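Text of protein-v8.pdb, listed as PDB, C-alpha atoms (C1' of nucleotides):
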ATOM      1  CA  MET C   1     -12.155   3.653   0.599
ATOM      2  CA  ALA C   2      -9.824   0.855   1.593
ATOM      3  CA  TYR C   3     -11.832  -1.577  -0.446
ATOM      4  CA  ASP C   4      -8.893  -2.702  -2.522
ATOM      5  CA  PRO C   5      -6.686  -4.826  -0.264
ATOM      6  CA  SER C   6      -3.524  -4.026  -2.201
ATOM      7  CA  ALA C   7      -4.106  -0.286  -1.728
ATOM      8  CA  PHE C   8      -4.703  -0.850   1.965
ATOM      9  CA  PHE C   9      -1.425  -2.726   2.309
ATOM     10  CA  SER C  10       0.409  -0.135   0.234
ATOM     11  CA  ALA C  11      -0.557   2.381   2.867
ATOM     12  CA  LEU C  12       1.018   0.146   5.505
ATOM     13  CA  SER C  13       4.199  -0.427   3.545
ATOM     14  CA  ASP C  14       6.097   2.624   4.745
ATOM     15  CA  PRO C  15       7.932   2.698   8.104
ATOM     16  CA  THR C  16       6.877   6.248   8.951
ATOM     17  CA  ARG C  17       3.219   5.552   8.206
ATOM     18  CA  LEU C  18       3.341   2.398  10.262
ATOM     19  CA  ARG C  19       4.848   4.198  13.236
ATOM     20  CA  ALA C  20       2.219   6.931  13.084
ATOM     21  CA  LEU C  21      -0.515   4.356  12.752
ATOM     22  CA  VAL C  22       0.631   2.372  15.780
ATOM     23  CA  LEU C  23       0.603   5.567  17.841
ATOM     24  CA  LEU C  24      -2.932   6.297  16.705
ATOM     25  CA  LEU C  25      -4.017   2.739  17.411
ATOM     26  CA  THR C  26      -2.845   2.987  20.994
ATOM     27  CA  GLU C  27      -3.628   6.652  21.702
ATOM     28  CA  GLY C  28      -6.915   6.990  19.869
ATOM     29  CA  GLU C  29      -6.551  10.492  18.441
ATOM     30  CA  LEU C  30      -3.566  12.783  17.971
ATOM     31  CA  CYS C  31      -2.854  16.118  16.332
ATOM     32  CA  VAL C  32      -0.196  16.386  13.663
ATOM     33  CA  CYS C  33       2.145  18.366  15.873
ATOM     34  CA  ARG C  34       2.345  15.629  18.524
ATOM     35  CA  LEU C  35       2.991  12.970  15.895
ATOM     36  CA  VAL C  36       5.768  15.142  14.477
ATOM     37  CA  GLY C  37       7.290  15.362  17.935
ATOM     38  CA  ALA C  38       6.919  11.702  18.790
ATOM     39  CA  LEU C  39       8.405  10.394  15.546
ATOM     40  CA  ALA C  40      10.942  13.216  15.197
ATOM     41  CA  VAL C  41      10.243  13.735  11.517
ATOM     42  CA  SER C  42       9.673  16.946   9.569
ATOM     43  CA  GLN C  43       6.209  18.460   9.525
ATOM     44  CA  PRO C  44       5.689  18.227   5.731
ATOM     45  CA  LYS C  45       6.772  14.610   5.780
ATOM     46  CA  MET C  46       4.291  13.727   8.502
ATOM     47  CA  SER C  47       1.537  15.685   6.782
ATOM     48  CA  ARG C  48       2.043  13.858   3.502
ATOM     49  CA  HIS C  49       2.075  10.457   5.153
ATOM     50  CA  LEU C  50      -1.068  11.195   7.148
ATOM     51  CA  ALA C  51      -2.762  12.352   3.964
ATOM     52  CA  ALA C  52      -1.772   9.080   2.292
ATOM     53  CA  LEU C  53      -3.307   7.082   5.134
ATOM     54  CA  ARG C  54      -6.459   9.188   5.023
ATOM     55  CA  GLU C  55      -6.784   8.834   1.256
ATOM     56  CA  ALA C  56      -6.371   5.075   1.613
ATOM     57  CA  GLY C  57      -9.304   5.101   4.036
ATOM     58  CA  LEU C  58      -7.371   4.125   7.149
ATOM     59  CA  LEU C  59      -7.607   7.474   8.938
ATOM     60  CA  ARG C  60     -10.151  10.217   9.484
ATOM     61  CA  ASP C  61      -9.272  13.788  10.327
ATOM     62  CA  ARG C  62     -11.070  16.365  12.423
ATOM     63  CA  ARG C  63     -10.257  20.048  12.458
ATOM     64  CA  GLN C  64     -10.317  21.876  15.778
ATOM     65  CA  GLY C  65      -9.075  25.423  15.439
ATOM     66  CA  GLN C  66      -5.584  25.413  14.072
ATOM     67  CA  TRP C  67      -5.143  21.785  14.963
ATOM     68  CA  VAL C  68      -6.057  18.770  12.874
ATOM     69  CA  HIS C  69      -6.621  15.535  14.744
ATOM     70  CA  TYR C  70      -6.246  12.159  13.109
ATOM     71  CA  ARG C  71      -7.791   8.909  14.264
ATOM     72  CA  VAL C  72      -8.134   5.393  12.890
ATOM     73  CA  ALA C  73     -11.232   4.975  10.721
ATOM     74  CA  GLU C  74     -14.082   3.058  12.316
ATOM     75  CA  ASP C  75     -15.801   1.622   9.244
ATOM     76  CA  LEU C  76     -13.135  -0.694   7.886
ATOM     77  CA  PRO C  77     -13.840  -4.036   6.217
ATOM     78  CA  ALA C  78     -13.420  -7.015   8.506
ATOM     79  CA  TRP C  79     -10.094  -8.182   7.114
ATOM     80  CA  ALA C  80      -8.671  -4.649   7.474
ATOM     81  CA  ALA C  81      -9.949  -4.244  11.020
ATOM     82  CA  ARG C  82      -8.472  -7.596  11.987
ATOM     83  CA  THR C  83      -5.136  -6.612  10.486
ATOM     84  CA  LEU C  84      -5.026  -3.382  12.472
ATOM     85  CA  ALA C  85      -6.070  -5.243  15.609
ATOM     86  CA  ALA C  86      -3.130  -7.586  15.132
ATOM     87  CA  LEU C  87      -0.768  -4.642  14.825
ATOM     88  CA  ALA C  88      -2.246  -2.954  17.872
ATOM     89  CA  ALA C  89      -1.799  -6.147  19.864
ATOM     90  CA  ASP C  90       1.823  -6.909  19.025
ATOM     91  CA  LEU C  91       3.750  -3.894  17.778
ATOM     92  CA  PRO C  92       3.517  -1.342  20.614
ATOM     93  CA  ASP C  93       5.882  -3.450  22.724
ATOM     94  CA  GLN C  94       8.551  -3.572  20.043
ATOM     95  CA  ALA C  95      11.108  -1.188  18.581
ATOM     96  CA  PRO C  96      10.742   1.372  17.197
ATOM     97  CA  TYR C  97       7.092   1.691  18.145
ATOM     98  CA  ARG C  98       7.721   1.387  21.845
ATOM     99  CA  ASP C  99      10.209   4.253  21.730
ATOM    100  CA  ASP C 100       7.743   6.404  19.808
ATOM    101  CA  LEU C 101       5.226   5.902  22.600
ATOM    102  CA  LEU C 102       7.769   6.957  25.192
ATOM    103  CA  ARG C 103       8.760  10.017  23.188
ATOM    104  CA  LEU C 104       5.117  10.954  22.811
ATOM    105  CA  ARG C 105       4.881  11.393  26.581
ATOM    106  CA  ASP C 106       7.356  14.233  26.352
ATOM    107  CA  VAL C 107       5.441  16.092  23.650
ATOM    108  CA  PRO C 108       3.069  18.547  25.365
ATOM    109  CA  GLU C 109      -0.567  18.621  24.297
ATOM    110  CA  LYS C 110      -0.442  22.393  23.812
ATOM    111  CA  ASN C 111      -4.193  22.822  23.606
ATOM    112  CA  GLY C 112      -6.537  20.999  21.248
ATOM    113  CA  ALA C 113      -6.644  17.803  23.262
ATOM    114  CA  ALA C 114      -9.442  15.255  23.000
ATOM    115  CA  ALA C 115     -13.044  15.882  21.975
TER     116      ALA C 115
ATOM    117  CA  MET P 116      12.511 -12.930   7.472
ATOM    118  CA  ALA P 117       9.362 -10.850   7.538
ATOM    119  CA  TYR P 118      10.507  -9.186  10.711
ATOM    120  CA  ASP P 119      10.065  -5.684   9.408
ATOM    121  CA  PRO P 120       6.323  -5.022   9.213
ATOM    122  CA  SER P 121       6.669  -2.474   6.424
ATOM    123  CA  ALA P 122       8.507  -5.026   4.263
ATOM    124  CA  PHE P 123       5.812  -7.582   5.000
ATOM    125  CA  PHE P 124       3.094  -5.179   3.912
ATOM    126  CA  SER P 125       5.078  -4.149   0.839
ATOM    127  CA  ALA P 126       4.903  -7.752  -0.233
ATOM    128  CA  LEU P 127       1.105  -7.616   0.107
ATOM    129  CA  SER P 128       0.756  -4.339  -1.763
ATOM    130  CA  ASP P 129       0.557  -5.754  -5.259
ATOM    131  CA  PRO P 130      -2.667  -7.174  -6.744
ATOM    132  CA  THR P 131      -0.978 -10.110  -8.435
ATOM    133  CA  ARG P 132       0.898 -11.113  -5.304
ATOM    134  CA  LEU P 133      -2.284 -10.903  -3.233
ATOM    135  CA  ARG P 134      -4.186 -13.075  -5.666
ATOM    136  CA  ALA P 135      -1.446 -15.709  -5.641
ATOM    137  CA  LEU P 136      -1.264 -15.560  -1.869
ATOM    138  CA  VAL P 137      -4.994 -16.057  -1.424
ATOM    139  CA  LEU P 138      -4.843 -19.111  -3.653
ATOM    140  CA  LEU P 139      -1.996 -20.520  -1.580
ATOM    141  CA  LEU P 140      -3.827 -19.739   1.654
ATOM    142  CA  THR P 141      -6.839 -21.733   0.534
ATOM    143  CA  GLU P 142      -5.107 -24.505  -1.452
ATOM    144  CA  GLY P 143      -2.084 -25.094   0.751
ATOM    145  CA  GLU P 144       0.567 -25.695  -1.901
ATOM    146  CA  LEU P 145       0.707 -25.024  -5.615
ATOM    147  CA  CYS P 146       3.264 -25.236  -8.397
ATOM    148  CA  VAL P 147       4.107 -22.159 -10.432
ATOM    149  CA  CYS P 148       2.438 -23.484 -13.544
ATOM    150  CA  ARG P 149      -0.971 -23.822 -11.880
ATOM    151  CA  LEU P 150      -0.738 -20.318 -10.450
ATOM    152  CA  VAL P 151       0.121 -19.031 -13.913
ATOM    153  CA  GLY P 152      -2.974 -20.726 -15.264
ATOM    154  CA  ALA P 153      -5.308 -19.652 -12.483
ATOM    155  CA  LEU P 154      -4.314 -15.987 -12.593
ATOM    156  CA  ALA P 155      -3.774 -15.888 -16.357
ATOM    157  CA  VAL P 156      -0.525 -13.973 -16.107
ATOM    158  CA  SER P 157       2.798 -14.554 -17.839
ATOM    159  CA  GLN P 158       5.216 -17.076 -16.388
ATOM    160  CA  PRO P 159       8.070 -14.598 -15.734
ATOM    161  CA  LYS P 160       5.662 -12.241 -14.024
ATOM    162  CA  MET P 161       4.407 -14.955 -11.691
ATOM    163  CA  SER P 162       7.923 -16.165 -11.013
ATOM    164  CA  ARG P 163       9.103 -12.708 -10.020
ATOM    165  CA  HIS P 164       6.140 -12.115  -7.719
ATOM    166  CA  LEU P 165       6.548 -15.485  -6.039
ATOM    167  CA  ALA P 166      10.238 -14.732  -5.532
ATOM    168  CA  ALA P 167       9.296 -11.405  -3.948
ATOM    169  CA  LEU P 168       6.927 -13.132  -1.534
ATOM    170  CA  ARG P 169       9.553 -15.732  -0.718
ATOM    171  CA  GLU P 170      12.257 -13.115  -0.124
ATOM    172  CA  ALA P 171       9.872 -11.245   2.161
ATOM    173  CA  GLY P 172       9.496 -14.417   4.191
ATOM    174  CA  LEU P 173       5.842 -15.086   3.379
ATOM    175  CA  LEU P 174       6.378 -18.143   1.198
ATOM    176  CA  ARG P 175       8.565 -21.220   1.131
ATOM    177  CA  ASP P 176       9.383 -23.171  -1.980
ATOM    178  CA  ARG P 177      10.025 -26.848  -2.517
ATOM    179  CA  ARG P 178      11.504 -28.329  -5.641
ATOM    180  CA  GLN P 179      10.082 -31.596  -6.963
ATOM    181  CA  GLY P 180      11.568 -32.538 -10.287
ATOM    182  CA  GLN P 181      10.945 -29.793 -12.782
ATOM    183  CA  TRP P 182       8.230 -28.342 -10.621
ATOM    184  CA  VAL P 183       8.619 -25.828  -7.829
ATOM    185  CA  HIS P 184       5.848 -25.760  -5.243
ATOM    186  CA  TYR P 185       5.138 -22.726  -3.138
ATOM    187  CA  ARG P 186       3.351 -22.642   0.204
ATOM    188  CA  VAL P 187       2.700 -20.084   2.919
ATOM    189  CA  ALA P 188       5.495 -19.964   5.498
ATOM    190  CA  GLU P 189       4.674 -21.535   8.854
ATOM    191  CA  ASP P 190       6.957 -19.560  11.144
ATOM    192  CA  LEU P 191       5.526 -16.072  10.841
ATOM    193  CA  PRO P 192       5.348 -13.559  13.690
ATOM    194  CA  ALA P 193       1.972 -13.400  15.406
ATOM    195  CA  TRP P 194       0.837 -10.130  13.830
ATOM    196  CA  ALA P 195       1.725 -11.462  10.363
ATOM    197  CA  ALA P 196      -0.029 -14.776  10.905
ATOM    198  CA  ARG P 197      -3.139 -12.960  12.132
ATOM    199  CA  THR P 198      -3.094 -10.733   9.082
ATOM    200  CA  LEU P 199      -2.928 -13.694   6.727
ATOM    201  CA  ALA P 200      -5.662 -15.446   8.702
ATOM    202  CA  ALA P 201      -7.890 -12.404   8.191
ATOM    203  CA  LEU P 202      -7.252 -12.502   4.455
ATOM    204  CA  ALA P 203      -7.903 -16.237   4.294
ATOM    205  CA  ALA P 204     -11.191 -15.741   6.129
ATOM    206  CA  ASP P 205     -12.656 -12.924   4.045
ATOM    207  CA  LEU P 206     -11.100 -12.633   0.608
ATOM    208  CA  PRO P 207     -11.737 -16.009  -1.057
ATOM    209  CA  ASP P 208     -15.436 -15.179  -1.358
ATOM    210  CA  GLN P 209     -14.807 -11.896  -3.146
ATOM    211  CA  ALA P 210     -13.713 -10.796  -6.599
ATOM    212  CA  PRO P 211     -11.232 -11.338  -8.078
ATOM    213  CA  TYR P 212     -10.049 -14.015  -5.684
ATOM    214  CA  ARG P 213     -13.162 -16.103  -6.017
ATOM    215  CA  ASP P 214     -12.775 -16.207  -9.785
ATOM    216  CA  ASP P 215      -9.141 -17.242  -9.449
ATOM    217  CA  LEU P 216     -10.254 -20.193  -7.356
ATOM    218  CA  LEU P 217     -12.755 -21.215  -9.985
ATOM    219  CA  ARG P 218     -10.210 -20.892 -12.770
ATOM    220  CA  LEU P 219      -7.751 -22.978 -10.778
ATOM    221  CA  ARG P 220     -10.130 -25.942 -11.006
ATOM    222  CA  ASP P 221      -9.663 -25.952 -14.765
ATOM    223  CA  VAL P 222      -5.874 -26.024 -14.585
ATOM    224  CA  PRO P 223      -4.743 -29.657 -14.621
ATOM    225  CA  GLU P 224      -2.241 -30.829 -12.029
ATOM    226  CA  LYS P 225      -0.009 -32.368 -14.715
ATOM    227  CA  ASN P 226       2.088 -34.365 -12.279
ATOM    228  CA  GLY P 227       3.900 -32.943  -9.268
ATOM    229  CA  ALA P 228       0.815 -32.848  -7.044
ATOM    230  CA  ALA P 229       0.943 -32.761  -3.238
ATOM    231  CA  ALA P 230       3.648 -34.144  -0.957
TER     232      ALA P 230
ATOM    233  C1'  DC B 231      -5.202  43.855   9.286
ATOM    234  C1'  DT B 232      -0.844  42.126  10.617
ATOM    235  C1'  DT B 233       1.416  38.380  12.966
ATOM    236  C1'  DT B 234       2.224  33.824  14.455
ATOM    237  C1'  DA B 235       1.292  28.847  14.882
ATOM    238  C1'  DA B 236      -0.430  24.637  12.724
ATOM    239  C1'  DT B 237      -1.029  22.279   8.688
ATOM    240  C1'  DA B 238      -1.034  21.448   3.766
ATOM    241  C1'  DT B 239       0.742  21.605  -0.908
ATOM    242  C1'  DA B 240       4.076  22.388  -4.907
ATOM    243  C1'  DC B 241       8.504  21.491  -6.969
ATOM    244  C1'  DG B 242      12.552  19.087  -8.514
ATOM    245  C1'  DC B 243      15.069  15.158  -7.749
ATOM    246  C1'  DT B 244      16.418  10.443  -6.696
ATOM    247  C1'  DT B 245      15.126   5.860  -6.100
ATOM    248  C1'  DG B 246      12.255   1.912  -6.421
ATOM    249  C1'  DT B 247       8.623  -0.929  -8.661
ATOM    250  C1'  DC B 248       6.537  -3.179 -12.286
ATOM    251  C1'  DC B 249       6.255  -4.711 -16.888
ATOM    252  C1'  DA B 250       7.262  -7.200 -21.432
ATOM    253  C1'  DT B 251      10.564  -9.445 -23.858
ATOM    254  C1'  DA B 252      14.411 -12.231 -24.325
ATOM    255  C1'  DT B 253      17.503 -15.557 -22.506
ATOM    256  C1'  DA B 254      19.412 -18.687 -19.026
ATOM    257  C1'  DT B 255      18.899 -22.666 -15.904
ATOM    258  C1'  DT B 256      17.383 -27.105 -14.279
ATOM    259  C1'  DC B 257      15.432 -31.423 -14.659
ATOM    260  C1'  DG B 258      13.361 -35.765 -16.760
ATOM    261  C1'  DG B 259      12.941 -38.569 -20.608
ATOM    262  C1'  DA B 260      14.217 -40.569 -25.073
TER     263       DA B 260
ATOM    264  C1'  DT U 261      23.704 -36.621 -24.836
ATOM    265  C1'  DC U 262      20.054 -34.088 -26.808
ATOM    266  C1'  DC U 263      15.331 -32.204 -26.286
ATOM    267  C1'  DG U 264      11.412 -30.199 -24.253
ATOM    268  C1'  DA U 265       8.953 -28.552 -20.165
ATOM    269  C1'  DA U 266       9.075 -25.818 -15.930
ATOM    270  C1'  DT U 267      11.112 -22.142 -13.755
ATOM    271  C1'  DA U 268      14.266 -18.351 -13.074
ATOM    272  C1'  DT U 269      16.879 -14.225 -14.254
ATOM    273  C1'  DA U 270      18.597 -10.235 -17.065
ATOM    274  C1'  DT U 271      17.648  -5.986 -19.585
ATOM    275  C1'  DG U 272      15.709  -1.636 -20.489
ATOM    276  C1'  DG U 273      12.064   1.526 -20.078
ATOM    277  C1'  DA U 274       7.720   3.638 -17.968
ATOM    278  C1'  DC U 275       5.783   5.135 -13.980
ATOM    279  C1'  DA U 276       5.048   5.937  -8.991
ATOM    280  C1'  DA U 277       6.938   6.857  -4.246
ATOM    281  C1'  DG U 278       9.627   9.481  -1.006
ATOM    282  C1'  DC U 279      12.406  13.155   0.270
ATOM    283  C1'  DG U 280      13.953  18.046   1.427
ATOM    284  C1'  DT U 281      13.053  22.618   0.645
ATOM    285  C1'  DA U 282      10.178  26.325  -0.187
ATOM    286  C1'  DT U 283       5.692  28.259  -0.102
ATOM    287  C1'  DA U 284       0.663  28.406   0.451
ATOM    288  C1'  DT U 285      -3.413  27.955   3.460
ATOM    289  C1'  DT U 286      -6.127  28.384   7.620
ATOM    290  C1'  DA U 287      -7.246  30.050  12.019
ATOM    291  C1'  DA U 288      -6.445  32.426  16.511
ATOM    292  C1'  DA U 289      -4.687  36.461  18.688
ATOM    293  C1'  DG U 290      -3.676  41.055  19.174
TER     294       DG U 290
END
Could you write out this file's structure as structure tokens?
Amino acid sequence: MAYDPSAFFSALSDPTRLRALVLLLTEGELCVCRLVGALAVSQPKMSRHLAALREAGLLRDRRQGQWVHYRVAEDLPAWAARTLAALAADLPDQAPYRDDLLRLRDVPEKNGAAA
Amino acid sequence: MAYDPSAFFSALSDPTRLRALVLLLTEGELCVCRLVGALAVSQPKMSRHLAALREAGLLRDRRQGQWVHYRVAEDLPAWAARTLAALAADLPDQAPYRDDLLRLRDVPEKNGAAA
DNA sequence: CTTTAATATACGCTTGTCCATATATTCGGA
DNA sequence: TCCGAATATATGGACAAGCGTATATTAAAG
């Protein structure tokens, strides 16, 4: 996946998807429930956007009990990896991404944390 | 412009716009008529896509007689400039961008060339 | 086996995007 | 001033994207 550049950029062309992606770029791996809390969006909305990113090849998911964890895909083409690196370098300091990070701190990890 | 990342990526999320952009990244500045020839698309279609890229802040235009030349904007935010640099580094060797480059050679410059 | 939490999907709707075609604009030259 | 070339815009329709709401799935717990 993510071999067609225009499909890759389509996945990035939604504010909610971009905010979720920046969180995943800085935090490494997050369950859906924490993303819902950090971005303050409805659960179905977050689920659909994460599915779109996964289907575009940008994210991978991992099921652990009732939780599903999403992370940024590792095997991206060079131009895609460089694009995400640019976002990870610049966006987390800016609004609204910075505020999402802060709000994430207040969302408890419940259980299914890291590996 | 191009301050909202999702708007920037929306501009990149169309195959025709990406192809035109890659040509401009490698050639520096081109008139609409040569882009029409290189991509083999209709003139109104190219004009609309170039306008979209310009309104998103990715391109600048310069009128010279009957010709309008487009070039990549110089004053982009860092994350945007790095994204375009990644595209310029990897895409021109691949299909269909490589073929567009080759086809561009066969489109005469008519008149309004460089500066 | 029922319940509850986490996540995903289906549905109907509104809005936006893209296209082809036709027409308008702008400029240089005769 | 009239014409042709280059470019832009308007129009209408087809199709996809997003949304909120409701419901289905999956798994852990009891």
Practice problem: Report as a PyMOL selection string the set of chain C residues whose atoms approach chain U to within 9 Å, with distances computed over all atoms listed in the file. | Solution: chain C and resi 45+65-66
Exercise. When you get a sec, could you note down which chain C residues fall within 6 Å of chain P, using only C-alpha atoms, as a list in words?
Key: Ser6, Phe9, Ser10, Leu12, Ser13, Asp14, Pro15, Trp79, Thr83, Ala86 and Leu87 of chain C
Practice problem: Please provide the set of residues having any atom within 12 Å of Pro44 (chain C), restricted to all atoms listed in the file, with same-chain residues fewer than 2 positions apart removed, written as a PyMOL selection string. | Solution: (chain C and resi 32-33+35-36+40-42+46-51) or (chain B and resi 236-240) or (chain U and resi 278-283)
Practice problem: Taking the file above as input, evaluate the PyMOL selection byres ((chain B) within 9 of (chain P)) and report the hits as a ChimeraX atom specification. | Solution: /B:249,256-258
Keeping only C-alpha atoms (C1' of nucleotides), take the residues you just selected and write them out as a PDB file, keeping the file's coordinate frame.
ATOM      1  C1'  DC B 249       6.255  -4.711 -16.888  1.00  0.00           C
ATOM      2  C1'  DT B 256      17.383 -27.105 -14.279  1.00  0.00           C
ATOM      3  C1'  DC B 257      15.432 -31.423 -14.659  1.00  0.00           C
ATOM      4  C1'  DG B 258      13.361 -35.765 -16.760  1.00  0.00           C
TER       5       DG B 258
END
Quiz item: CA of Arg71 (chain C) and CA of Val22 (chain C) are how many Å apart?
Solution: 10.8 Å
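Here CA of Leu53 (chain C) is placed at a distance of 22.1 Å from CA of Tyr118 (chain P).
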Self-check item: Spatial neighbours of Arg34 (chain C), 9 Å, all atoms listed in the file, chain gap at least 5 places, as a ChimeraX atom specification
Solution: /C:39,104,107-109
Practice problem: Could you tell me how far CA of Leu23 (chain C) lies from CA of Pro92 (chain C), in Å and to one decimal? | Solution: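 Pair CA of Leu23 (chain C) / CA of Pro92 (chain C) returns 8.0 Å.
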Quiz item: If you apply the PyMOL selection byres ((chain C and resi 28) around 10) to this file, what residues do you get, as a list in words?
Solution: Leu21, Val22, Leu23, Leu24, Leu25, Thr26, Glu27, Glu29, Leu30, His69, Tyr70, Arg71, Val72 and Ala114 of chain C
Output: region 156-176 of chain P of the preceding structure, restricted to N, CA and C atoms, written as a PDB file, in the first residue's frame.
ATOM      1  N   VAL P 156      -3.348  16.400 -21.220  1.00  0.00           N
ATOM      2  CA  VAL P 156      -4.683  16.629 -20.654  1.00  0.00           C
ATOM      3  C   VAL P 156      -5.267  17.872 -21.310  1.00  0.00           C
ATOM      4  N   SER P 157      -6.561  18.093 -21.120  1.00  0.00           N
ATOM      5  CA  SER P 157      -7.200  19.249 -21.742  1.00  0.00           C
ATOM      6  C   SER P 157      -6.731  20.541 -21.086  1.00  0.00           C
ATOM      7  N   GLN P 158      -6.813  21.622 -21.841  1.00  0.00           N
ATOM      8  CA  GLN P 158      -6.344  22.911 -21.328  1.00  0.00           C
ATOM      9  C   GLN P 158      -7.159  23.377 -20.114  1.00  0.00           C
ATOM     10  N   PRO P 159      -8.495  23.330 -20.148  1.00  0.00           N
ATOM     11  CA  PRO P 159      -9.237  23.755 -18.955  1.00  0.00           C
ATOM     12  C   PRO P 159      -8.902  22.919 -17.719  1.00  0.00           C
ATOM     13  N   LYS P 160      -8.718  21.641 -17.931  1.00  0.00           N
ATOM     14  CA  LYS P 160      -8.372  20.773 -16.801  1.00  0.00           C
ATOM     15  C   LYS P 160      -7.043  21.211 -16.179  1.00  0.00           C
ATOM     16  N   MET P 161      -6.046  21.420 -16.998  1.00  0.00           N
ATOM     17  CA  MET P 161      -4.752  21.855 -16.474  1.00  0.00           C
ATOM     18  C   MET P 161      -4.869  23.207 -15.786  1.00  0.00           C
ATOM     19  N   SER P 162      -5.621  24.109 -16.401  1.00  0.00           N
ATOM     20  CA  SER P 162      -5.756  25.441 -15.823  1.00  0.00           C
ATOM     21  C   SER P 162      -6.392  25.380 -14.435  1.00  0.00           C
ATOM     22  N   ARG P 163      -7.413  24.572 -14.305  1.00  0.00           N
ATOM     23  CA  ARG P 163      -8.078  24.456 -13.000  1.00  0.00           C
ATOM     24  C   ARG P 163      -7.159  23.852 -11.945  1.00  0.00           C
ATOM     25  N   HIS P 164      -6.383  22.844 -12.340  1.00  0.00           N
ATOM     26  CA  HIS P 164      -5.491  22.211 -11.358  1.00  0.00           C
ATOM     27  C   HIS P 164      -4.354  23.141 -10.954  1.00  0.00           C
ATOM     28  N   LEU P 165      -3.843  23.904 -11.924  1.00  0.00           N
ATOM     29  CA  LEU P 165      -2.796  24.863 -11.581  1.00  0.00           C
ATOM     30  C   LEU P 165      -3.345  25.947 -10.655  1.00  0.00           C
ATOM     31  N   ALA P 166      -4.588  26.365 -10.921  1.00  0.00           N
ATOM     32  CA  ALA P 166      -5.201  27.370 -10.042  1.00  0.00           C
ATOM     33  C   ALA P 166      -5.351  26.808  -8.633  1.00  0.00           C
ATOM     34  N   ALA P 167      -5.719  25.535  -8.531  1.00  0.00           N
ATOM     35  CA  ALA P 167      -5.873  24.921  -7.210  1.00  0.00           C
ATOM     36  C   ALA P 167      -4.544  24.911  -6.467  1.00  0.00           C
ATOM     37  N   LEU P 168      -3.471  24.575  -7.170  1.00  0.00           N
ATOM     38  CA  LEU P 168      -2.154  24.557  -6.535  1.00  0.00           C
ATOM     39  C   LEU P 168      -1.725  25.964  -6.130  1.00  0.00           C
ATOM     40  N   ARG P 169      -2.056  26.933  -6.977  1.00  0.00           N
ATOM     41  CA  ARG P 169      -1.701  28.313  -6.651  1.00  0.00           C
ATOM     42  C   ARG P 169      -2.488  28.794  -5.441  1.00  0.00           C
ATOM     43  N   GLU P 170      -3.795  28.486  -5.405  1.00  0.00           N
ATOM     44  CA  GLU P 170      -4.620  28.946  -4.288  1.00  0.00           C
ATOM     45  C   GLU P 170      -4.233  28.239  -2.988  1.00  0.00           C
ATOM     46  N   ALA P 171      -3.643  27.070  -3.099  1.00  0.00           N
ATOM     47  CA  ALA P 171      -3.174  26.380  -1.894  1.00  0.00           C
ATOM     48  C   ALA P 171      -1.799  26.886  -1.467  1.00  0.00           C
ATOM     49  N   GLY P 172      -1.218  27.764  -2.263  1.00  0.00           N
ATOM     50  CA  GLY P 172       0.048  28.367  -1.879  1.00  0.00           C
ATOM     51  C   GLY P 172       1.271  27.621  -2.371  1.00  0.00           C
ATOM     52  N   LEU P 173       1.083  26.570  -3.177  1.00  0.00           N
ATOM     53  CA  LEU P 173       2.224  25.782  -3.624  1.00  0.00           C
ATOM     54  C   LEU P 173       2.892  26.370  -4.848  1.00  0.00           C
ATOM     55  N   LEU P 174       2.125  27.097  -5.656  1.00  0.00           N
ATOM     56  CA  LEU P 174       2.664  27.643  -6.899  1.00  0.00           C
ATOM     57  C   LEU P 174       2.500  29.154  -6.945  1.00  0.00           C
ATOM     58  N   ARG P 175       3.365  29.778  -7.734  1.00  0.00           N
ATOM     59  CA  ARG P 175       3.220  31.185  -8.085  1.00  0.00           C
ATOM     60  C   ARG P 175       3.094  31.267  -9.593  1.00  0.00           C
ATOM     61  N   ASP P 176       2.417  32.287 -10.082  1.00  0.00           N
ATOM     62  CA  ASP P 176       2.331  32.432 -11.522  1.00  0.00           C
ATOM     63  C   ASP P 176       2.904  33.786 -11.932  1.00  0.00           C
TER      64      ASP P 176
END
